[in-house]
Amino acid sequence: MRDSLSKGIFRLPLNSTLKLGKSWPAPQNASKIRRIEIYRYDPESGENPRLDRFEIDADRCGPMVLDALIAIKSEIDSTLTFRRSCREGVCGSCSMNIDGHNTLACTKAMDDCRELIKIYPLPHLPVVKDLVVDMTHFYAQYASIKPWIETQTPPPADRERLQGKNERGRLNGLYECILCACCSTSCPSYWWNGERYLGPATLLQAYRWIADSRDETAGERLNELEDPFKLYRCHTIMNCTDTCPKGLNPAKAIADIKKLLIERQK
Amino acid sequence: MNFQSPLARARGLGSVRAGSHHWWRQRVSAVALFPLTLWFGFSLSLLPQANYAMLTHWVSSPWNTLLLLSFILLSLFHGVLGLQTVIEDYVHTDWIKIIGILGVKLVTAFLALASSLAVLRIVLLGGHG
């Protein structure tokens, strides 16, 4: 009874309440102390999420937030869980909410953060553990836009499909997307309607294939996108463009899709 | 157990191939309302102490009737498009969503009829009918 009440329309689920967790003091002889607060949650433990506080010696680790996370995991608390791989902003694994902004831990310098660096998982996705979120639906949405060239014309027998400089230029600002999901998970429309709204990352990718001169299915792609929920939940809030760690502009890509949908009715 | 694949979930029931009109009408009506709202505000500010006779006279002048009806109908139209978007954004219970959108459309249509009738009564019957 208490459980069903607590999940009623007037209260958030029980596991949304954060508690203050453990505190780890700075090592002795630390010369440059940085304070870091990290969201910790293990859904299988049955316990509520907690905020652990760590103090690290910034002089004894690299300059980026990811360096601090790795230092914490190898020297203080090995149970801290996060994704990382390339450590140079190419793979998109270490996307998380740092200092109130979705970004990549590997390209965010600790010196650019506030005095207490707060680190949370990407917003509004199910948490698997600590900073690792379940991105199954996000990837499925990406797969749903058929992110590959579709053609009717067979490829030339002796070479690949060619592209002019201008045609290739149209992919600039689109091909660089690494699918880190920072933009989609910063978008309120994606929070409220993420089941059906494709979100800025997937829509930018959808436009990337519409804009590709080698693809022959722009019309079918536009057909698939023309939907009040898949596309038109975008209300130009611009959080996506504001937060993109690669400096891309998903809001503009979405606007370009909307423009093409009007243009083809002329 | 739910064995549906993530891709099947993401695709859902597919695209409805609509929505562009709604989006475009919202933009066009917003642009058209800009001069109409300026005209309406400017006209009201010129009628600070209007009595009943002055006001009905103002409404009855052909240009004012035309612009007033345009302003009323267009702002209600713009409003209904916006409210539908708000309901679609925030209401996630199907039956409430359907009733909400239908209700907004019916109430707005009623308001459009009522306000048009009010203006036309003043114009055609001089406000004394």
# chains A, B, ... in the order shown; residues from 1 in each chain; ligands from 1
>>> residues_around(residues="Trp191 in chain A", least_positions_apart="2", cutoff="12 Å", atoms="only C-alpha atoms", output="VMD selection string")
(chain A and resid 122 to 126 183 to 189 193 to 200 233 to 234) or (chain B and resid 89 to 90)
>>> write_last_selection(atoms="C-alpha atoms", output="PDB file, in the first residue's frame")
ATOM      1  CA  LEU A 122      23.133  11.375 -18.662  1.00  0.00           C
ATOM      2  CA  PRO A 123      19.650  12.608 -17.678  1.00  0.00           C
ATOM      3  CA  HIS A 124      16.444  10.640 -18.166  1.00  0.00           C
ATOM      4  CA  LEU A 125      17.862   7.301 -19.263  1.00  0.00           C
ATOM      5  CA  PRO A 126      17.592   4.158 -17.096  1.00  0.00           C
ATOM      6  CA  CYS A 183      22.189  16.306 -27.118  1.00  0.00           C
ATOM      7  CA  SER A 184      19.237  13.917 -26.999  1.00  0.00           C
ATOM      8  CA  THR A 185      19.423  13.514 -23.223  1.00  0.00           C
ATOM      9  CA  SER A 186      19.587  17.296 -22.726  1.00  0.00           C
ATOM     10  CA  CYS A 187      16.364  17.808 -24.695  1.00  0.00           C
ATOM     11  CA  PRO A 188      13.170  18.247 -22.599  1.00  0.00           C
ATOM     12  CA  SER A 189      11.071  17.001 -25.505  1.00  0.00           C
ATOM     13  CA  ASN A 193       8.392  11.832 -25.318  1.00  0.00           C
ATOM     14  CA  GLY A 194      11.607   9.881 -25.909  1.00  0.00           C
ATOM     15  CA  GLU A 195       9.682   6.690 -26.671  1.00  0.00           C
ATOM     16  CA  ARG A 196       8.441   8.205 -29.933  1.00  0.00           C
ATOM     17  CA  TYR A 197      10.406  11.432 -30.536  1.00  0.00           C
ATOM     18  CA  LEU A 198      13.647  10.503 -32.312  1.00  0.00           C
ATOM     19  CA  GLY A 199      15.682  13.204 -30.566  1.00  0.00           C
ATOM     20  CA  PRO A 200      18.375  15.548 -31.928  1.00  0.00           C
ATOM     21  CA  ARG A 233       8.275  17.248 -30.992  1.00  0.00           C
ATOM     22  CA  CYS A 234      11.301  19.479 -31.640  1.00  0.00           C
TER      23      CYS A 234
ATOM     24  CA  ASP B  89       3.876  17.181 -25.214  1.00  0.00           C
ATOM     25  CA  TYR B  90       2.725  16.678 -21.653  1.00  0.00           C
TER      26      TYR B  90
END
>>> interface_residues(of="chain B", to="chain A", cutoff="9 Å", atoms="only C-alpha atoms", output="list in words")
Ser5, Pro6, Leu7, Ala8, Arg9, Ala10, Arg11, Gly12, Gly14, Ser15, Val16, Arg17, Ala18, Gly19, Ser20, His21, His22, Trp23, Trp24, Thr85, Glu88, Asp89, Tyr90 and His92 of chain B
>>> closest_residue(among="A:Leu260, A:Arg34, A:Glu44, A:Cys61", to="Ser74 in chain A", atoms="only C-alpha atoms")
A:Cys61
>>> residues_around(residues="range 159-163 of chain A", least_positions_apart="3", cutoff="8 Å", atoms="only C-alpha atoms", output="number ranges by chain")
A: 155-156, 167-168, 213-214
